[in-house]
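Q: Below is model00.cif; it holds mmCIF, C-alpha atoms.
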```cif
data_work
#
loop_
_atom_site.group_PDB
_atom_site.id
_atom_site.type_symbol
_atom_site.label_atom_id
_atom_site.label_comp_id
_atom_site.auth_asym_id
_atom_site.auth_seq_id
_atom_site.Cartn_x
_atom_site.Cartn_y
_atom_site.Cartn_z
ATOM 1 C CA GLU Y 19 92.230 101.451 83.649
ATOM 2 C CA PHE Y 20 91.991 100.802 87.371
ATOM 3 C CA ALA Y 21 89.600 97.837 87.193
ATOM 4 C CA PHE Y 22 92.189 95.409 88.596
ATOM 5 C CA MET Y 23 92.472 97.495 91.748
ATOM 6 C CA ARG Y 24 88.841 96.893 92.667
ATOM 7 C CA ALA Y 25 89.365 93.158 92.178
ATOM 8 C CA LEU Y 26 92.493 93.283 94.302
ATOM 9 C CA SER Y 27 90.632 95.034 97.099
ATOM 10 C CA ARG Y 28 87.930 92.365 97.121
ATOM 11 C CA GLY Y 29 90.576 89.668 97.365
ATOM 12 C CA LEU Y 30 92.695 91.224 100.094
ATOM 13 C CA SER Y 31 89.862 92.646 102.205
ATOM 14 C CA SER Y 32 88.486 90.258 104.798
ATOM 15 C CA ALA Y 33 87.457 90.022 108.413
ATOM 16 C CA PRO Y 34 90.031 91.802 110.578
ATOM 17 C CA ARG Y 35 93.307 89.887 110.648
ATOM 18 C CA ARG Y 36 96.396 90.922 112.492
ATOM 19 C CA PRO Y 37 99.152 91.518 111.809
ATOM 20 C CA VAL Y 38 99.338 92.772 108.198
ATOM 21 C CA PHE Y 39 102.421 93.872 106.282
ATOM 22 C CA VAL Y 40 102.874 95.364 102.787
ATOM 23 C CA VAL Y 41 105.864 96.787 100.900
ATOM 24 C CA HIS Y 42 106.440 98.379 97.499
ATOM 25 C CA GLY Y 43 109.538 98.910 95.404
ATOM 26 C CA GLY Y 44 108.450 101.932 93.383
ATOM 27 C CA ALA Y 45 105.893 102.663 90.666
ATOM 28 C CA TRP Y 46 107.410 103.261 87.243
ATOM 29 C CA ALA Y 47 107.963 101.548 83.881
ATOM 30 C CA ILE Y 48 110.184 98.852 85.378
ATOM 31 C CA PRO Y 49 112.184 97.164 82.576
ATOM 32 C CA GLU Y 50 112.032 93.392 82.100
ATOM 33 C CA LEU Y 51 115.588 92.913 83.329
ATOM 34 C CA LEU Y 52 114.584 94.257 86.754
ATOM 35 C CA THR Y 53 111.187 92.613 87.241
ATOM 36 C CA ASP Y 54 112.334 89.401 88.930
ATOM 37 C CA ARG Y 55 114.828 91.241 91.166
ATOM 38 C CA SER Y 56 112.235 93.823 92.121
ATOM 39 C CA VAL Y 57 109.616 91.257 93.130
ATOM 40 C CA ALA Y 58 112.172 89.094 94.949
ATOM 41 C CA GLY Y 59 113.449 92.127 96.834
ATOM 42 C CA CYS Y 60 109.937 93.080 97.909
ATOM 43 C CA GLU Y 61 109.187 89.513 98.985
ATOM 44 C CA ALA Y 62 112.333 89.394 101.130
ATOM 45 C CA ALA Y 63 111.533 92.735 102.751
ATOM 46 C CA ALA Y 64 107.911 91.743 103.386
ATOM 47 C CA ALA Y 65 108.987 88.473 104.969
ATOM 48 C CA ALA Y 66 111.366 90.307 107.301
ATOM 49 C CA GLY Y 67 108.741 92.863 108.283
ATOM 50 C CA TRP Y 68 106.188 90.135 108.860
ATOM 51 C CA GLU Y 69 108.611 88.237 111.095
ATOM 52 C CA VAL Y 70 108.923 91.304 113.318
ATOM 53 C CA LEU Y 71 105.147 91.449 113.636
ATOM 54 C CA ARG Y 72 104.788 87.691 114.123
ATOM 55 C CA ARG Y 73 107.069 87.895 117.125
ATOM 56 C CA GLY Y 74 104.937 90.651 118.639
ATOM 57 C CA GLY Y 75 107.073 93.569 117.473
ATOM 58 C CA SER Y 76 105.685 96.997 116.732
ATOM 59 C CA ALA Y 77 104.479 98.235 113.366
ATOM 60 C CA LEU Y 78 107.156 100.938 113.563
ATOM 61 C CA ASP Y 79 109.939 98.375 114.017
ATOM 62 C CA ALA Y 80 108.536 96.320 111.157
ATOM 63 C CA VAL Y 81 108.418 99.125 108.598
ATOM 64 C CA GLU Y 82 111.919 100.280 109.507
ATOM 65 C CA THR Y 83 113.287 96.732 109.252
ATOM 66 C CA ALA Y 84 111.739 96.118 105.841
ATOM 67 C CA THR Y 85 112.667 99.519 104.455
ATOM 68 C CA ARG Y 86 116.285 99.012 105.507
ATOM 69 C CA ILE Y 87 116.316 95.772 103.505
ATOM 70 C CA LEU Y 88 114.973 97.595 100.459
ATOM 71 C CA GLU Y 89 117.552 100.359 100.967
ATOM 72 C CA ASP Y 90 120.307 97.729 101.031
ATOM 73 C CA ASP Y 91 119.126 96.191 97.750
ATOM 74 C CA PRO Y 92 120.656 97.955 94.699
ATOM 75 C CA ALA Y 93 117.641 96.930 92.611
ATOM 76 C CA PHE Y 94 115.803 99.849 94.241
ATOM 77 C CA ASP Y 95 116.410 103.597 94.246
ATOM 78 C CA ALA Y 96 116.882 104.081 97.991
ATOM 79 C CA GLY Y 97 120.115 103.886 99.965
ATOM 80 C CA HIS Y 98 122.221 101.457 97.946
ATOM 81 C CA GLY Y 99 120.913 101.843 94.416
ATOM 82 C CA ALA Y 100 120.337 105.594 94.769
ATOM 83 C CA VAL Y 101 120.813 107.859 91.761
ATOM 84 C CA LEU Y 102 122.880 111.000 91.186
ATOM 85 C CA ASN Y 103 121.672 114.595 91.058
ATOM 86 C CA ASP Y 104 122.816 117.119 88.456
ATOM 87 C CA ARG Y 105 126.045 117.702 90.384
ATOM 88 C CA GLY Y 106 126.857 114.007 90.494
ATOM 89 C CA ASP Y 107 126.016 113.702 94.201
ATOM 90 C CA VAL Y 108 123.638 111.477 96.165
ATOM 91 C CA GLU Y 109 120.809 113.155 98.104
ATOM 92 C CA LEU Y 110 118.363 110.911 99.933
ATOM 93 C CA ASP Y 111 114.876 111.406 101.413
ATOM 94 C CA ALA Y 112 113.084 109.208 103.964
ATOM 95 C CA ILE Y 113 110.270 109.275 106.504
ATOM 96 C CA VAL Y 114 108.676 107.130 109.202
ATOM 97 C CA MET Y 115 105.340 107.760 110.882
ATOM 98 C CA ASP Y 116 103.731 106.181 113.948
ATOM 99 C CA GLY Y 117 99.957 105.868 113.697
ATOM 100 C CA LYS Y 118 99.446 105.597 117.447
ATOM 101 C CA SER Y 119 101.003 108.935 118.380
ATOM 102 C CA LEU Y 120 101.052 110.663 114.969
ATOM 103 C CA ASN Y 121 104.736 111.264 115.575
ATOM 104 C CA SER Y 122 106.880 111.361 112.454
ATOM 105 C CA GLY Y 123 110.502 111.857 111.548
ATOM 106 C CA ALA Y 124 112.035 112.608 108.171
ATOM 107 C CA VAL Y 125 115.212 113.598 106.385
ATOM 108 C CA ALA Y 126 115.457 115.307 103.012
ATOM 109 C CA ALA Y 127 118.432 115.852 100.712
ATOM 110 C CA ILE Y 128 120.628 114.078 103.255
ATOM 111 C CA GLY Y 129 124.091 113.033 102.130
ATOM 112 C CA PRO Y 130 125.091 109.449 101.339
ATOM 113 C CA VAL Y 131 124.105 107.227 104.270
ATOM 114 C CA ALA Y 132 123.250 103.561 103.888
ATOM 115 C CA ASN Y 133 119.870 103.644 105.627
ATOM 116 C CA PRO Y 134 118.171 107.051 105.660
ATOM 117 C CA VAL Y 135 114.964 105.522 107.062
ATOM 118 C CA SER Y 136 116.800 104.841 110.328
ATOM 119 C CA VAL Y 137 118.057 108.416 110.448
ATOM 120 C CA ALA Y 138 114.454 109.527 109.938
ATOM 121 C CA ARG Y 139 113.431 107.470 112.952
ATOM 122 C CA MET Y 140 116.230 109.089 114.957
ATOM 123 C CA VAL Y 141 114.814 112.486 114.024
ATOM 124 C CA MET Y 142 111.430 111.346 115.355
ATOM 125 C CA GLN Y 143 112.737 109.868 118.602
ATOM 126 C CA ARG Y 144 115.784 111.998 119.445
ATOM 127 C CA THR Y 145 114.722 115.514 118.404
ATOM 128 C CA PRO Y 146 111.621 117.683 118.847
ATOM 129 C CA HIS Y 147 111.421 118.051 115.048
ATOM 130 C CA CYS Y 148 109.623 116.292 112.200
ATOM 131 C CA LEU Y 149 112.050 117.028 109.358
ATOM 132 C CA LEU Y 150 115.748 117.781 108.970
ATOM 133 C CA VAL Y 151 117.197 118.696 105.579
ATOM 134 C CA GLY Y 152 120.456 118.966 103.665
ATOM 135 C CA GLU Y 153 123.626 119.707 105.566
ATOM 136 C CA GLY Y 154 121.754 119.793 108.866
ATOM 137 C CA ALA Y 155 120.347 116.306 108.309
ATOM 138 C CA THR Y 156 123.753 114.969 107.290
ATOM 139 C CA ARG Y 157 125.428 116.530 110.351
ATOM 140 C CA PHE Y 158 122.717 115.113 112.625
ATOM 141 C CA ALA Y 159 123.284 111.620 111.208
ATOM 142 C CA GLN Y 160 127.006 111.887 111.895
ATOM 143 C CA GLN Y 161 126.319 113.104 115.441
ATOM 144 C CA GLN Y 162 124.224 109.973 115.975
ATOM 145 C CA GLY Y 163 127.136 107.782 114.877
ATOM 146 C CA VAL Y 164 125.822 107.046 111.387
ATOM 147 C CA PRO Y 165 128.731 106.645 108.934
ATOM 148 C CA LEU Y 166 128.795 109.056 106.004
ATOM 149 C CA LEU Y 167 129.661 107.125 102.873
ATOM 150 C CA ARG Y 168 130.921 108.187 99.468
ATOM 151 C CA SER Y 169 128.337 108.587 96.710
ATOM 152 C CA SER Y 170 130.176 105.863 94.809
ATOM 153 C CA ASP Y 171 129.468 103.447 97.670
ATOM 154 C CA LEU Y 172 125.732 103.660 96.964
ATOM 155 C CA VAL Y 173 125.470 104.236 93.218
ATOM 156 C CA THR Y 174 125.478 101.345 90.751
ATOM 157 C CA ALA Y 175 127.252 101.303 87.391
ATOM 158 C CA GLU Y 176 123.854 101.507 85.733
ATOM 159 C CA ALA Y 177 122.986 104.657 87.678
ATOM 160 C CA GLN Y 178 126.266 106.243 86.679
ATOM 161 C CA GLU Y 179 125.556 105.458 83.027
ATOM 162 C CA GLN Y 180 122.072 106.955 83.370
ATOM 163 C CA TRP Y 181 123.608 110.105 84.830
ATOM 164 C CA ARG Y 182 125.979 110.448 81.864
ATOM 165 C CA ASP Y 183 123.075 109.967 79.455
ATOM 166 C CA MET Y 184 121.009 112.590 81.251
ATOM 167 C CA ALA Y 185 123.913 115.025 81.288
ATOM 168 C CA ALA Y 186 124.032 114.760 77.516
ATOM 169 C CA PHE Y 187 120.259 114.736 76.948
ATOM 170 C CA PRO Y 188 118.474 116.264 79.965
ATOM 171 C CA ALA Y 189 114.737 115.758 80.508
ATOM 172 C CA SER Y 190 112.263 116.936 83.110
ATOM 173 C CA VAL Y 191 111.233 114.926 86.166
ATOM 174 C CA ARG Y 192 107.739 114.408 84.745
ATOM 175 C CA GLN Y 193 109.121 113.249 81.387
ATOM 176 C CA LEU Y 194 111.225 110.658 83.155
ATOM 177 C CA PHE Y 195 108.336 109.153 85.081
ATOM 178 C CA ASN Y 196 105.940 109.143 82.167
ATOM 179 C CA THR Y 197 108.131 108.377 79.161
ATOM 180 C CA HIS Y 198 111.656 107.214 80.143
ATOM 181 C CA PRO Y 199 111.335 103.665 81.520
ATOM 182 C CA SER Y 200 115.066 103.012 81.791
ATOM 183 C CA THR Y 201 115.914 105.994 84.018
ATOM 184 C CA ALA Y 202 112.850 106.668 86.176
ATOM 185 C CA SER Y 203 113.680 104.396 89.122
ATOM 186 C CA ASP Y 204 111.778 105.346 92.208
ATOM 187 C CA THR Y 205 110.832 105.063 95.868
ATOM 188 C CA VAL Y 206 110.400 102.165 98.311
ATOM 189 C CA GLY Y 207 107.955 101.973 101.185
ATOM 190 C CA ALA Y 208 106.190 99.848 103.785
ATOM 191 C CA VAL Y 209 102.999 99.850 105.848
ATOM 192 C CA ALA Y 210 102.116 97.663 108.818
ATOM 193 C CA LEU Y 211 99.368 96.783 111.274
ATOM 194 C CA ASP Y 212 100.694 95.070 114.390
ATOM 195 C CA MET Y 213 99.121 92.717 116.930
ATOM 196 C CA ALA Y 214 98.275 95.625 119.218
ATOM 197 C CA GLY Y 215 96.255 97.239 116.442
ATOM 198 C CA HIS Y 216 98.733 100.046 115.794
ATOM 199 C CA LEU Y 217 99.747 101.275 112.343
ATOM 200 C CA ALA Y 218 102.982 102.648 110.907
ATOM 201 C CA ALA Y 219 104.363 103.632 107.511
ATOM 202 C CA ALA Y 220 107.741 104.406 105.973
ATOM 203 C CA THR Y 221 108.945 105.753 102.622
ATOM 204 C CA SER Y 222 112.501 106.145 101.308
ATOM 205 C CA THR Y 223 113.990 107.306 98.014
ATOM 206 C CA GLY Y 224 117.118 108.388 96.212
ATOM 207 C CA GLY Y 225 115.087 110.683 93.987
ATOM 208 C CA ILE Y 226 115.439 110.744 90.239
ATOM 209 C CA THR Y 227 118.487 110.770 88.008
ATOM 210 C CA PHE Y 228 119.910 114.243 87.302
ATOM 211 C CA LYS Y 229 117.426 116.005 89.566
ATOM 212 C CA GLN Y 230 118.396 119.535 90.497
ATOM 213 C CA ALA Y 231 120.588 119.575 93.591
ATOM 214 C CA GLY Y 232 118.408 120.298 96.604
ATOM 215 C CA ARG Y 233 115.228 119.023 94.972
ATOM 216 C CA VAL Y 234 112.956 117.224 97.436
ATOM 217 C CA GLY Y 235 109.995 115.171 96.297
ATOM 218 C CA ASP Y 236 106.977 113.852 98.135
ATOM 219 C CA SER Y 237 108.621 110.979 100.006
ATOM 220 C CA PRO Y 238 109.608 112.779 103.259
ATOM 221 C CA ILE Y 239 106.504 114.985 103.384
ATOM 222 C CA VAL Y 240 103.801 114.018 105.884
ATOM 223 C CA GLY Y 241 100.481 113.548 104.094
ATOM 224 C CA ALA Y 242 102.084 113.455 100.652
ATOM 225 C CA GLY Y 243 104.487 110.503 100.412
ATOM 226 C CA CYS Y 244 103.543 108.841 103.679
ATOM 227 C CA TYR Y 245 100.942 108.877 106.434
ATOM 228 C CA ALA Y 246 99.880 106.718 109.377
ATOM 229 C CA ASP Y 247 97.002 107.187 111.789
ATOM 230 C CA ASP Y 248 95.495 104.405 113.897
ATOM 231 C CA GLN Y 249 92.086 105.929 113.243
ATOM 232 C CA ALA Y 250 92.443 106.195 109.456
ATOM 233 C CA GLY Y 251 95.094 103.828 108.059
ATOM 234 C CA ALA Y 252 98.688 103.714 106.889
ATOM 235 C CA ILE Y 253 99.911 104.490 103.385
ATOM 236 C CA SER Y 254 103.150 104.853 101.420
ATOM 237 C CA CYS Y 255 103.181 106.578 98.027
ATOM 238 C CA THR Y 256 105.484 106.473 95.029
ATOM 239 C CA GLY Y 257 105.629 108.206 91.661
ATOM 240 C CA HIS Y 258 105.935 111.738 90.325
ATOM 241 C CA GLY Y 259 106.794 113.636 93.485
ATOM 242 C CA GLU Y 260 105.649 117.090 92.456
ATOM 243 C CA SER Y 261 102.206 115.756 91.492
ATOM 244 C CA ILE Y 262 101.912 113.759 94.710
ATOM 245 C CA MET Y 263 102.737 116.841 96.782
ATOM 246 C CA ARG Y 264 100.208 119.016 94.963
ATOM 247 C CA LEU Y 265 97.413 116.567 95.731
ATOM 248 C CA THR Y 266 98.775 115.526 99.157
ATOM 249 C CA LEU Y 267 98.117 112.034 97.846
ATOM 250 C CA ALA Y 268 98.658 110.026 101.031
ATOM 251 C CA ARG Y 269 96.207 111.966 103.162
ATOM 252 C CA TYR Y 270 93.732 112.367 100.310
ATOM 253 C CA ALA Y 271 93.676 108.656 99.481
ATOM 254 C CA LEU Y 272 93.153 107.684 103.125
ATOM 255 C CA SER Y 273 90.306 110.189 103.422
ATOM 256 C CA LEU Y 274 88.423 108.214 100.771
ATOM 257 C CA THR Y 275 88.693 104.883 102.598
ATOM 258 C CA HIS Y 276 85.986 105.708 105.122
ATOM 259 C CA ASP Y 277 83.260 104.654 102.673
ATOM 260 C CA ARG Y 278 84.979 102.442 100.086
ATOM 261 C CA PRO Y 279 87.583 99.657 99.908
ATOM 262 C CA PRO Y 280 91.162 100.931 100.231
ATOM 263 C CA ALA Y 281 92.327 99.822 96.776
ATOM 264 C CA GLN Y 282 89.344 101.560 95.184
ATOM 265 C CA ALA Y 283 90.016 104.672 97.237
ATOM 266 C CA CYS Y 284 93.689 104.726 96.261
ATOM 267 C CA ALA Y 285 92.884 104.089 92.604
ATOM 268 C CA GLU Y 286 90.415 106.962 92.579
ATOM 269 C CA ALA Y 287 92.961 109.233 94.248
ATOM 270 C CA LEU Y 288 95.559 108.311 91.622
ATOM 271 C CA GLY Y 289 93.024 108.955 88.888
ATOM 272 C CA GLN Y 290 92.250 112.330 90.396
ATOM 273 C CA MET Y 291 95.947 113.139 90.556
ATOM 274 C CA TYR Y 292 96.416 112.360 86.885
ATOM 275 C CA ALA Y 293 93.309 114.338 85.921
ATOM 276 C CA ARG Y 294 94.271 117.393 87.964
ATOM 277 C CA VAL Y 295 98.052 117.616 87.611
ATOM 278 C CA GLY Y 296 99.055 114.938 85.089
ATOM 279 C CA GLY Y 297 101.256 112.734 87.278
ATOM 280 C CA CYS Y 298 101.364 108.958 87.673
ATOM 281 C CA GLY Y 299 102.221 106.910 90.734
ATOM 282 C CA GLY Y 300 101.255 104.149 93.120
ATOM 283 C CA THR Y 301 100.246 103.427 96.710
ATOM 284 C CA ILE Y 302 100.135 100.650 99.267
ATOM 285 C CA SER Y 303 97.821 100.990 102.235
ATOM 286 C CA VAL Y 304 96.269 99.145 105.154
ATOM 287 C CA THR Y 305 93.209 100.186 107.130
ATOM 288 C CA PRO Y 306 92.735 99.897 110.919
ATOM 289 C CA ASN Y 307 90.764 96.669 110.428
ATOM 290 C CA GLY Y 308 93.446 95.111 108.232
ATOM 291 C CA ASP Y 309 92.082 95.645 104.727
ATOM 292 C CA VAL Y 310 94.832 96.144 102.152
ATOM 293 C CA GLY Y 311 94.858 98.476 99.153
ATOM 294 C CA ILE Y 312 97.396 98.245 96.331
ATOM 295 C CA ALA Y 313 97.003 100.621 93.388
ATOM 296 C CA PHE Y 314 99.211 102.105 90.697
ATOM 297 C CA SER Y 315 98.741 104.042 87.474
ATOM 298 C CA THR Y 316 102.226 103.377 86.088
ATOM 299 C CA PRO Y 317 102.917 100.287 83.962
ATOM 300 C CA ARG Y 318 104.428 98.444 86.918
ATOM 301 C CA MET Y 319 104.955 98.581 90.662
ATOM 302 C CA ALA Y 320 106.690 95.789 92.579
ATOM 303 C CA TRP Y 321 104.886 94.905 95.812
ATOM 304 C CA ALA Y 322 104.481 92.124 98.359
ATOM 305 C CA CYS Y 323 101.926 91.508 101.091
ATOM 306 C CA VAL Y 324 101.888 89.113 104.059
ATOM 307 C CA ARG Y 325 98.835 88.570 106.262
ATOM 308 C CA GLY Y 326 99.557 85.164 107.747
ATOM 309 C CA GLU Y 327 101.843 82.174 107.600
ATOM 310 C CA ALA Y 328 100.173 80.959 104.396
ATOM 311 C CA GLU Y 329 98.821 84.274 103.150
ATOM 312 C CA ALA Y 330 101.591 85.913 101.166
ATOM 313 C CA CYS Y 331 101.277 87.385 97.693
ATOM 314 C CA SER Y 332 103.283 89.633 95.413
ATOM 315 C CA GLY Y 333 103.115 91.219 91.982
ATOM 316 C CA ILE Y 334 104.437 93.832 89.605
ATOM 317 C CA ASP Y 335 102.245 94.131 86.466
ATOM 318 C CA ARG Y 336 98.905 95.928 86.490
ATOM 319 C CA ARG Y 337 97.190 93.296 84.355
ATOM 320 C CA ARG Y 338 98.640 90.403 86.320
ATOM 321 C CA THR Y 339 98.461 91.790 89.836
ATOM 322 C CA ALA Y 340 95.072 90.325 90.668
ATOM 323 C CA ALA Y 341 96.030 86.929 89.267
ATOM 324 C CA GLU Y 342 99.318 86.874 91.186
ATOM 325 C CA ALA Y 343 97.370 87.615 94.353
ATOM 326 C CA GLY Y 344 95.242 84.544 93.701
ATOM 327 C CA LEU Y 345 92.222 86.473 92.434
ATOM 328 C CA ALA Y 346 90.029 85.967 89.419
ATOM 329 C CA GLY Y 347 90.013 88.429 86.552
ATOM 330 C CA ALA Y 348 91.664 91.841 86.201
#
```
As C-alpha cells, how would this structure be written, given the file I've shared?
A:
Amino acid sequence: EFAFMRALSRGLSSAPRRPVFVVHGGAWAIPELLTDRSVAGCEAAAAAGWEVLRRGGSALDAVETATRILEDDPAFDAGHGAVLNDRGDVELDAIVMDGKSLNSGAVAAIGPVANPVSVARMVMQRTPHCLLVGEGATRFAQQQGVPLLRSSDLVTAEAQEQWRDMAAFPASVRQLFNTHPSTASDTVGAVALDMAGHLAAATSTGGITFKQAGRVGDSPIVGAGCYADDQAGAISCTGHGESIMRLTLARYALSLTHDRPPAQACAEALGQMYARVGGCGGTISVTPNGDVGIAFSTPRMAWACVRGEAEACSGIDRRRTAAEAGLAGA
C-alpha cells in the first residue's frame, strides 16, 4: 500500500541541497472537481515559499508566507475555505514552529480571522506562551490589530451546503475522513530548510464540517500535527486529528528518520497509526540534510516540492505521485 512512498523517497533524496520547500493541501478523498485547483494552489504556495528562501529568507518566513497563500485559497480548508462547526460558526487552528530554537506558537478554536498562521506566529514571538485557545486567542488577535471577520466571509457556498447536509445526517469525524469524500476537507501545511540550515514547519486548518464546537484536532499540537527541530527534521501532518494526536504522529515519524529515508519513515508511521487506532492521514517532511518525505494513506493528498530553480514537482494521487515527481514505477 505504501510502496510508492519508498520510490518517492529515493527520487527526492540526494546529496544535501539547500534550500528545500514542501507544502501540502490536506490528505483526504479529494473529489475530481477539486484536484486541479488543489495541485495548482499547492504549486503557487510552494513557489512563493521557495522565493523567500531563494532570496535568503528564513525557513520560518517561508512557511508562514506559503501557509497564508493556502489559507487565502478557498480550495483548502484553512482560513478562507474553512468549514462550519455544529453551531454554524468558524473555529480555526494553526501552528508554527522554529527548528533552530524549538520555539512554537499556536492558536486553537480561534474565531474567524483570515490568516490564523500569522496569529500563531504572533503567539510565538509576542507572548511567553505556546498555545492560545478560543475566546482568549480571538481577543489576542484583535489586540494585535488582526481584523475579526464574519464566518460568512470565510465559508464557501459548498461548505454551507455540506453543513446543511451534516445537520440532517450527522456522522462522526472518523467516518468523514474514511468514508465521506465530499465533506472531509482538511488541513494545509508547509516545511522548509533555509540557506542557513535551519528548519521550520507550519500547519493550519478549519477543522471538519459539523465538528462539535470547541473541538481541537492535531494541527495546533506540538509533536502531533507539526514539529521542527534542526537536529531531527521538520514535518506537517494532516488527516484524522484524534488518531494523529493519539500517536503523536509528527514526533513519532521524525524519530524513525534517523535510520531510514524520510518517506519510508513517514509511511511506516502512518501504517502504525492505522494499525493502532484506525485513522488515515498524510505527512510532508524534510530532514536536516535536505531529504524530502511525502507519504499519505488516504486516496489523495495535494502537495508540491521545490528544491531548485529547475527542481519542482507536485502530485495528488497515491498511484501517480512517483510518476509526477519524475520517478519510475509506483
Q: Could you tell me how far CA of Pro130 in chain Y sits from CA of Thr53 in chain Y, in Å to one decimal place?
A: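 Computing the Euclidean distance for CA of Thr53 in chain Y and CA of Pro130 in chain Y yields 26.0 Å.
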Q: Do you know which residues are at most 12 Å from Pro92 in chain Y counting all atoms listed in the file, after dropping those on the same chain fewer than 4 positions away, and could you put them as a list in words?
A: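 So, after excluding close chain neighbours, the residues are Gly43, Leu52, Arg55, Ser56, Gly59, Arg86, Ile87, Leu88, Ala96, Gly97, His98, Gly99, Ala100, Val101, Ala132, Asp171, Leu172, Val173, Thr174, Ala175, Glu176, Ala177, Ser203, Asp204, Val206, Thr223 and Gly224 of chain Y.
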Q: Quick one: which residues end up in the PyMOL selection byres ((chain Y and resi 40) around 6) for this structure, as a compact mmCIF listing (two decimals) with C-alpha atoms, in the frame of the given file?
A:
```txt
# COMPACT_ATOMS: atom_id res chain seq x y z
CA PHE Y 39 102.42 93.87 106.28
CA VAL Y 41 105.86 96.79 100.90
CA ALA Y 208 106.19 99.85 103.78
CA VAL Y 209 103.00 99.85 105.85
CA ALA Y 322 104.48 92.12 98.36
CA CYS Y 323 101.93 91.51 101.09
```
Q: Here is a test: counting all atoms listed in the file, which residue of Y:Asp116, Y:Asp247, Y:Asp91, Y:Asp104 is nearest to Gln180 in chain Y?
A: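 Smallest distance to Gln180 in chain Y is found for Y:Asp104.
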Q: Let me make sure I understand: among Y:Leu150, Y:Cys255, Y:Ala214, Y:Met115, which one has the smallest atom-to-atom distance to Arg73 in chain Y if we use all atoms listed in the file?
A: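 The closest residue to Arg73 in chain Y is Y:Ala214.
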Q: Which residues match the PyMOL selection byres ((chain Y and resi 139) around 10) in the file above, as an NGL selection string?
A: :Y and (78-79 or 82 or 112-116 or 121-125 or 134-138 or 140-145 or 148 or 220)
Q: At what distance in Å, to one decimal, does CA of Gly117 in chain Y lie from CA of Ser254 in chain Y?
A: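 Distance reported for this atom pair: 12.7 Å.
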Q: Which is closest to Leu267 in chain Y among Y:Glu329, Y:Glu89, Y:Asp236, Y:Asp248, if we use only C-alpha atoms?
A: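 Looking only at the distances to Leu267 in chain Y, the closest residue turns out to be Y:Asp236.
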